[in-house]
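Pasting my_file-v4.cif here (mmCIF, C-alpha atoms and all ligand atoms):
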data_run
#
loop_
_atom_site.label_atom_id
_atom_site.label_comp_id
_atom_site.auth_asym_id
_atom_site.auth_seq_id
_atom_site.Cartn_x
_atom_site.Cartn_y
_atom_site.Cartn_z
CA MET F 1 43.59 -64.12 5.56
CA ILE F 2 40.58 -64.97 3.42
CA LYS F 3 38.58 -68.12 2.70
CA ILE F 4 40.25 -70.45 0.19
CA ASP F 5 38.70 -73.35 -1.69
CA ARG F 6 41.31 -76.05 -2.04
CA LYS F 7 41.08 -77.78 -5.41
CA PHE F 8 41.00 -81.55 -5.64
CA CYS F 9 44.38 -83.22 -5.57
CA PRO F 10 45.24 -83.77 -9.25
CA TYR F 11 47.95 -86.36 -8.62
CA PRO F 12 47.24 -88.37 -5.45
CA LYS F 13 49.80 -90.99 -6.46
CA ALA F 14 52.60 -88.56 -5.60
CA LEU F 15 51.29 -88.32 -2.03
CA LYS F 16 51.11 -92.10 -1.85
CA ASN F 17 54.74 -92.15 -2.98
CA LYS F 18 55.55 -89.83 -0.07
CA ASN F 19 56.11 -86.72 -2.17
CA TYR F 20 54.10 -83.78 -0.85
CA LYS F 21 55.62 -81.19 -3.18
CA HIS F 22 55.12 -82.76 -6.57
CA PRO F 23 54.90 -79.88 -9.12
CA THR F 24 51.43 -80.92 -10.38
CA ASN F 25 49.97 -80.86 -6.87
CA LYS F 26 51.85 -77.73 -5.90
CA GLN F 27 50.41 -76.04 -8.99
CA ALA F 28 46.89 -76.99 -7.85
CA LEU F 29 47.55 -75.39 -4.46
CA LYS F 30 48.97 -72.32 -6.17
CA GLU F 31 45.85 -71.97 -8.30
CA SER F 32 43.54 -72.55 -5.32
CA ASN F 33 45.28 -69.65 -3.59
CA SER F 34 45.61 -67.38 -6.66
CA ASP F 35 49.35 -67.61 -5.94
CA LYS F 36 48.87 -65.93 -2.55
CA CYS F 37 50.10 -67.05 0.85
CA MET F 38 47.29 -68.74 2.80
CA TYR F 39 48.16 -66.69 5.88
CA CYS F 40 49.31 -63.22 4.81
CA GLU F 41 47.82 -62.87 1.29
CA SER F 42 51.17 -61.86 -0.23
CA LYS F 43 51.67 -62.93 -3.84
CA ILE F 44 54.52 -65.40 -3.80
CA SER F 45 55.97 -66.56 -7.13
CA HIS F 46 57.35 -63.31 -8.41
CA ILE F 47 59.30 -62.55 -5.26
CA ASP F 48 60.11 -65.90 -3.72
CA TYR F 49 59.64 -69.63 -3.70
CA ALA F 50 56.35 -70.84 -2.30
CA HIS F 51 56.38 -73.47 0.40
CA VAL F 52 54.01 -76.38 0.64
CA GLU F 53 52.82 -75.79 4.16
CA HIS F 54 51.82 -78.49 6.63
CA ILE F 55 48.93 -76.97 8.54
CA LYS F 56 49.48 -79.47 11.31
CA PRO F 57 53.29 -79.72 11.43
CA LYS F 58 54.77 -82.90 10.01
CA SER F 59 57.15 -83.20 12.96
CA LYS F 60 54.20 -83.80 15.30
CA TYR F 61 51.63 -85.30 12.93
CA GLN F 62 53.60 -87.77 10.84
CA ASN F 63 50.38 -89.45 9.71
CA LEU F 64 49.30 -86.18 8.06
CA GLU F 65 52.53 -85.45 6.18
CA PHE F 66 51.07 -86.71 2.89
CA ASP F 67 47.43 -85.86 3.56
CA TRP F 68 46.10 -83.43 0.93
CA ASN F 69 43.76 -81.82 3.46
CA ASN F 70 46.71 -80.89 5.64
CA LEU F 71 48.61 -79.12 2.86
CA GLY F 72 48.54 -75.42 2.07
CA TYR F 73 50.41 -72.82 0.08
CA ALA F 74 52.41 -70.32 2.09
CA CYS F 75 55.15 -67.76 1.72
CA PRO F 76 58.54 -68.67 3.23
CA LYS F 77 58.22 -65.94 5.90
CA CYS F 78 54.92 -67.20 7.31
CA ASN F 79 56.13 -70.76 6.99
CA VAL F 80 59.25 -69.98 9.02
CA GLU F 81 57.35 -67.90 11.62
CA LYS F 82 54.91 -70.72 12.21
CA ASN F 83 57.65 -73.34 12.11
CA ASP F 84 56.42 -76.48 13.86
CA LYS F 85 54.23 -74.70 16.39
CA TYR F 86 50.70 -75.97 16.76
CA TYR F 87 48.39 -76.27 19.75
CA GLU F 88 45.82 -79.01 19.67
CA ASP F 89 43.51 -77.03 21.97
CA LEU F 90 44.17 -73.69 20.25
CA PRO F 91 44.55 -74.41 16.53
CA TYR F 92 45.45 -71.66 14.10
CA ILE F 93 42.62 -70.40 11.92
CA ASN F 94 42.56 -72.60 8.82
CA PRO F 95 41.40 -70.62 5.75
CA TYR F 96 40.73 -73.84 3.82
CA GLU F 97 38.19 -75.00 6.36
CA GLU F 98 36.90 -71.92 8.14
CA GLU F 99 35.74 -68.45 7.24
CA PRO F 100 38.56 -66.18 8.46
CA ALA F 101 36.16 -63.19 8.49
CA ASP F 102 34.48 -64.84 11.50
CA PHE F 103 37.74 -64.47 13.42
CA PHE F 104 39.60 -61.47 12.01
CA TYR F 105 38.97 -57.98 10.76
CA ALA F 106 41.21 -55.49 9.03
CA PHE F 107 41.43 -51.86 9.97
CA GLY F 108 43.82 -49.71 7.98
CA LYS F 109 46.95 -51.79 7.59
CA MET F 110 46.43 -53.80 10.81
CA LEU F 111 44.88 -57.19 11.33
CA PHE F 112 42.80 -57.65 14.49
CA LYS F 113 41.11 -60.52 16.28
CA LYS F 114 37.34 -60.46 16.35
CA ASP F 115 35.19 -60.89 19.47
CA GLY F 116 38.16 -61.71 21.66
CA SER F 117 38.97 -64.87 19.71
CA GLU F 118 41.98 -66.52 21.34
CA ARG F 119 42.59 -68.61 18.24
CA ALA F 120 42.77 -65.49 16.08
CA GLU F 121 45.10 -63.85 18.59
CA ILE F 122 47.53 -66.76 18.65
CA THR F 123 47.42 -66.97 14.83
CA ILE F 124 48.33 -63.28 14.49
CA LYS F 125 51.02 -63.55 17.14
CA ASP F 126 52.71 -66.81 16.13
CA ILE F 127 52.67 -66.22 12.38
CA ASN F 128 53.50 -62.57 12.99
CA LEU F 129 50.76 -61.30 10.71
CA ASN F 130 51.40 -57.66 11.59
CA ARG F 131 55.14 -57.80 10.91
CA PRO F 132 56.71 -54.55 9.67
CA GLU F 133 57.18 -55.60 6.03
CA LEU F 134 53.53 -56.65 5.79
CA LEU F 135 52.39 -53.35 7.31
CA GLU F 136 54.51 -51.52 4.78
CA LYS F 137 53.15 -53.45 1.80
CA ARG F 138 49.53 -53.10 2.95
CA PHE F 139 50.08 -49.38 3.53
CA GLU F 140 51.53 -48.91 0.03
CA LYS F 141 48.60 -50.76 -1.53
CA ILE F 142 45.98 -48.81 0.43
CA ASN F 143 47.76 -45.58 -0.39
CA SER F 144 47.83 -46.23 -4.13
CA ILE F 145 44.13 -47.06 -4.06
CA GLU F 146 43.38 -43.92 -2.11
CA ARG F 147 45.21 -41.88 -4.74
CA ALA F 148 43.35 -43.65 -7.55
CA ILE F 149 40.01 -42.91 -5.86
CA THR F 150 40.94 -39.25 -5.56
CA SER F 151 41.68 -39.06 -9.27
CA CYS F 152 38.42 -40.87 -10.04
CA TYR F 153 36.49 -38.17 -8.21
CA ARG F 154 38.18 -35.56 -10.39
CA ILE F 155 36.54 -37.07 -13.46
CA LYS F 156 33.66 -34.83 -14.47
CA ASN F 157 31.68 -37.25 -16.63
CA ALA F 158 29.56 -39.31 -14.21
CA SER F 159 29.41 -42.47 -16.37
CA TYR F 160 33.12 -42.49 -16.97
CA ARG F 161 33.73 -41.90 -13.27
CA LYS F 162 31.53 -44.88 -12.39
CA VAL F 163 33.39 -47.15 -14.84
CA MET F 164 36.73 -46.15 -13.34
CA LEU F 165 35.52 -46.59 -9.76
CA ASP F 166 34.06 -50.01 -10.58
CA GLU F 167 37.35 -51.05 -12.08
CA LEU F 168 39.11 -49.96 -8.93
CA LYS F 169 36.78 -52.15 -6.86
CA ASN F 170 38.35 -55.17 -8.55
CA GLU F 171 41.32 -54.57 -6.28
CA ALA F 172 39.25 -56.09 -3.46
CA SER F 173 38.63 -59.35 -5.35
CA LYS F 174 40.00 -62.48 -3.77
CA ASP F 175 42.78 -63.00 -6.30
CA LYS F 176 44.36 -59.65 -5.41
CA GLU F 177 47.04 -59.09 -2.79
CA TYR F 178 45.81 -58.05 0.68
CA SER F 179 42.19 -58.15 -0.50
CA LEU F 180 40.90 -58.28 3.08
CA PHE F 181 42.45 -54.87 3.76
CA ILE F 182 41.29 -53.33 0.51
CA LYS F 183 37.77 -54.59 1.06
CA SER F 184 37.73 -53.06 4.51
CA PHE F 185 39.09 -49.80 3.09
CA PHE F 186 36.28 -49.64 0.51
CA LYS F 187 33.70 -50.43 3.18
CA HIS F 188 35.03 -47.64 5.34
CA HIS F 189 34.76 -45.20 2.46
CA ASN F 190 31.26 -46.36 1.51
CA LEU F 191 32.55 -47.66 -1.80
CA GLU F 192 31.24 -51.15 -1.34
CA GLU F 193 29.05 -52.83 -3.92
ZN ZN F 201 52.71 -65.29 4.18
#
Could you write out this structure as C-alpha cells?
Ligand SMILES: [Zn+2]
Amino acid sequence: MIKIDRKFCPYPKALKNKNYKHPTNKQALKESNSDKCMYCESKISHIDYAHVEHIKPKSKYQNLEFDWNNLGYACPKCNVEKNDKYYEDLPYINPYEEEPADFFYAFGKMLFKKDGSERAEITIKDINLNRPELLEKRFEKINSIERAITSCYRIKNASYRKVMLDELKNEASKDKEYSLFIKSFFKHHNLEE
C-alpha cells in the first residue's frame, strides 16, 4: 500500500443520481491509482475488472454510499476479502488519507506492521495482504529486478551502467506494481537515489 492522491470527482451528478460506478468517475479513480489496487498494488485492468470500493462499507454507512471521499479503486480479491468488515474504533489504513509508510513496511515479499500498529495488523489480516498469490507475484517481480541488477553490474562502461541502473530504479516509482516492495529492495541493496 502506498499513498494515493484521489483526483477531483469529474462527474458529481452521477453520485447525486445514486450511481457510484459511472465510467467517467471510475476512470478518475483508475487514473488516481495508476490502475493499481488501493490495498495490494496489483495492476487491475489487464487481468480483471476493477471494483469501486466503499472504504466504509455501504451496508453499514448508507449515507456514504455516494460520497466521493469514501470511494476507492480495488481489485476484486481485496474487495471480497474486506467484504463489509469495518471497525469504527480500528479503521483500516486509508491510503487516500494517510501515509501508509507510517504504518507498514515491506521486507522481501512480506508486508509487516510498523511499531506494533494494531490498525496495520488488522488491515493486513482482514484484507489478506500476504496471501499466497500476492507473495508469488511480489517474489517474481523482485527476482526479475535482482537479475536485471546483476546484468547491469556486468556492464563494463561506467556511464552506460549508470544509465541502465537508473532506468531500473523507475521500477520503484508509484505507478509500478508492488512499488513499496521494490523500493524496499533497492534500499536494502543501497541502490536508492
Ligand atoms: Zn488488491
Skipping near chain neighbours, those fewer than 5 positions away, what residues fall within 8 Å of Tyr39 in chain F using only C-alpha atoms, listed as a PDB file with C-alpha atoms, in the coordinates of the input?
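New file part_37.pdb:
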ATOM      1  CA  MET F   1      43.590 -64.120   5.560  1.00  0.00           C
ATOM      2  CA  ALA F  74      52.410 -70.320   2.090  1.00  0.00           C
ATOM      3  CA  CYS F  78      54.920 -67.200   7.310  1.00  0.00           C
ATOM      4  CA  PRO F  95      41.400 -70.620   5.750  1.00  0.00           C
ATOM      5  CA  ILE F 127      52.670 -66.220  12.380  1.00  0.00           C
ATOM      6  CA  LEU F 129      50.760 -61.300  10.710  1.00  0.00           C
TER       7      LEU F 129
END
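The spacing separating CA of Tyr86 in chain F from CA of Glu41 in chain F amounts to 20.5 Å.
Considering all atoms listed in the file, the residue among F:Tyr73, F:Trp68, F:Phe186, F:Phe8 positioned nearest to ligand ZN 201 (chain F) is F:Tyr73.
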Leaving out Cys40 in chain F and any residue of its chain fewer than 3 positions from it, which residues lie within 10 Å of it when counting all atoms listed in the file, given as a PyMOL selection string? chain F and resi 1-2+36-37+43+74-75+77-78+111+124+127-130+134+177-178+180
Can you find the residues with an atom no farther than 10 Å from (46.1, -65.9, 21.2), counting only C-alpha atoms, and report them as a PyMOL selection string? chain F and resi 90-92+113+116-126
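One finds CA of Thr24 in chain F at 6.9 Å from CA of Pro10 in chain F.
Taking only C-alpha atoms into account, Lys56 in chain F lies nearest to F:Tyr87 out of the set F:Phe107, F:Tyr87, F:Phe112, F:Tyr20.
Reported to one decimal place, the separation of CA of Lys3 in chain F from CA of Pro100 in chain F is 6.1 Å.
Of the listed residues F:Pro132, F:Gly108, F:Pro76, F:Pro57, the one whose atoms come nearest to ligand ZN 201 (chain F) is F:Pro76, with distances taken using all atoms listed in the file.
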Residues near Lys7 in chain F, cut-off 7 Å, only C-alpha atoms, skip fewer than 2 positions along chain, as a short mmCIF file (atom, residue, chain, number, x, y, z; two decimals) with C-alpha atoms, keeping the file's coordinate frame:
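Wrote out_37.cif, looks like this:
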data_model
loop_
_atom_site.label_atom_id
_atom_site.label_comp_id
_atom_site.auth_asym_id
_atom_site.auth_seq_id
_atom_site.Cartn_x
_atom_site.Cartn_y
_atom_site.Cartn_z
CA ASP F 5 38.70 -73.35 -1.69
CA CYS F 9 44.38 -83.22 -5.57
CA ALA F 28 46.89 -76.99 -7.85
CA LEU F 29 47.55 -75.39 -4.46
CA SER F 32 43.54 -72.55 -5.32
#
Please list as a PDB file with C-alpha atoms, in the coordinates of the input every residue within 12 Å of Lys16 in chain F, counting all atoms listed in the file and excluding residues in the same chain fewer than 2 positions away.
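Dumped everything to result_28.pdb:
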ATOM      1  CA  CYS F   9      44.380 -83.220  -5.570  1.00  0.00           C
ATOM      2  CA  TYR F  11      47.950 -86.360  -8.620  1.00  0.00           C
ATOM      3  CA  PRO F  12      47.240 -88.370  -5.450  1.00  0.00           C
ATOM      4  CA  LYS F  13      49.800 -90.990  -6.460  1.00  0.00           C
ATOM      5  CA  ALA F  14      52.600 -88.560  -5.600  1.00  0.00           C
ATOM      6  CA  LYS F  18      55.550 -89.830  -0.070  1.00  0.00           C
ATOM      7  CA  ASN F  19      56.110 -86.720  -2.170  1.00  0.00           C
ATOM      8  CA  TYR F  20      54.100 -83.780  -0.850  1.00  0.00           C
ATOM      9  CA  LYS F  21      55.620 -81.190  -3.180  1.00  0.00           C
ATOM     10  CA  HIS F  22      55.120 -82.760  -6.570  1.00  0.00           C
ATOM     11  CA  ASN F  63      50.380 -89.450   9.710  1.00  0.00           C
ATOM     12  CA  LEU F  64      49.300 -86.180   8.060  1.00  0.00           C
ATOM     13  CA  GLU F  65      52.530 -85.450   6.180  1.00  0.00           C
ATOM     14  CA  PHE F  66      51.070 -86.710   2.890  1.00  0.00           C
ATOM     15  CA  ASP F  67      47.430 -85.860   3.560  1.00  0.00           C
ATOM     16  CA  TRP F  68      46.100 -83.430   0.930  1.00  0.00           C
TER      17      TRP F  68
END
Determine the axis-aligned bounding box of all atoms of range 128-144 of chain F present in the file, pad each side by 5 Å, and express its centre and edge lengths in Å to one decimal place as lines of an AutoDock Vina configuration file.
center_x = 51.6
center_y = -54.1
center_z = 4.4
size_x = 21.2
size_y = 27.0
size_z = 27.1
Here is a test: counting all atoms listed in the file, which residue of F:Ser45, F:Asn17, F:Asn69, F:Asn157 is nearest to ligand ZN 201 (chain F)? F:Ser45
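Nearest to Ile55 in chain F of all the residues F:Asn94, F:Asn33, F:Ser179, F:Gln27 is F:Asn94, counting all atoms listed in the file.
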So which residues touch Leu168 in chain F within 8 Å, counting only C-alpha atoms, skipping near sequence neighbours fewer than 2 positions away, as a list in words? Ile145, Ala148, Ile149, Met164, Leu165, Asp166, Asn170 and Glu171 of chain F
Dump C-alpha atoms for the selected residues as a short mmCIF file (atom, residue, chain, number, x, y, z; two decimals), in the coordinates of the input?
data_model
loop_
_atom_site.label_atom_id
_atom_site.label_comp_id
_atom_site.auth_asym_id
_atom_site.auth_seq_id
_atom_site.Cartn_x
_atom_site.Cartn_y
_atom_site.Cartn_z
CA ILE F 145 44.13 -47.06 -4.06
CA ALA F 148 43.35 -43.65 -7.55
CA ILE F 149 40.01 -42.91 -5.86
CA MET F 164 36.73 -46.15 -13.34
CA LEU F 165 35.52 -46.59 -9.76
CA ASP F 166 34.06 -50.01 -10.58
CA ASN F 170 38.35 -55.17 -8.55
CA GLU F 171 41.32 -54.57 -6.28
#
Please determine, counting only C-alpha atoms and all ligand atoms, which residue among F:Lys162, F:Lys156, F:Lys82, F:Lys141 has the shortest atom-to-atom distance to ligand ZN 201 (chain F). F:Lys82
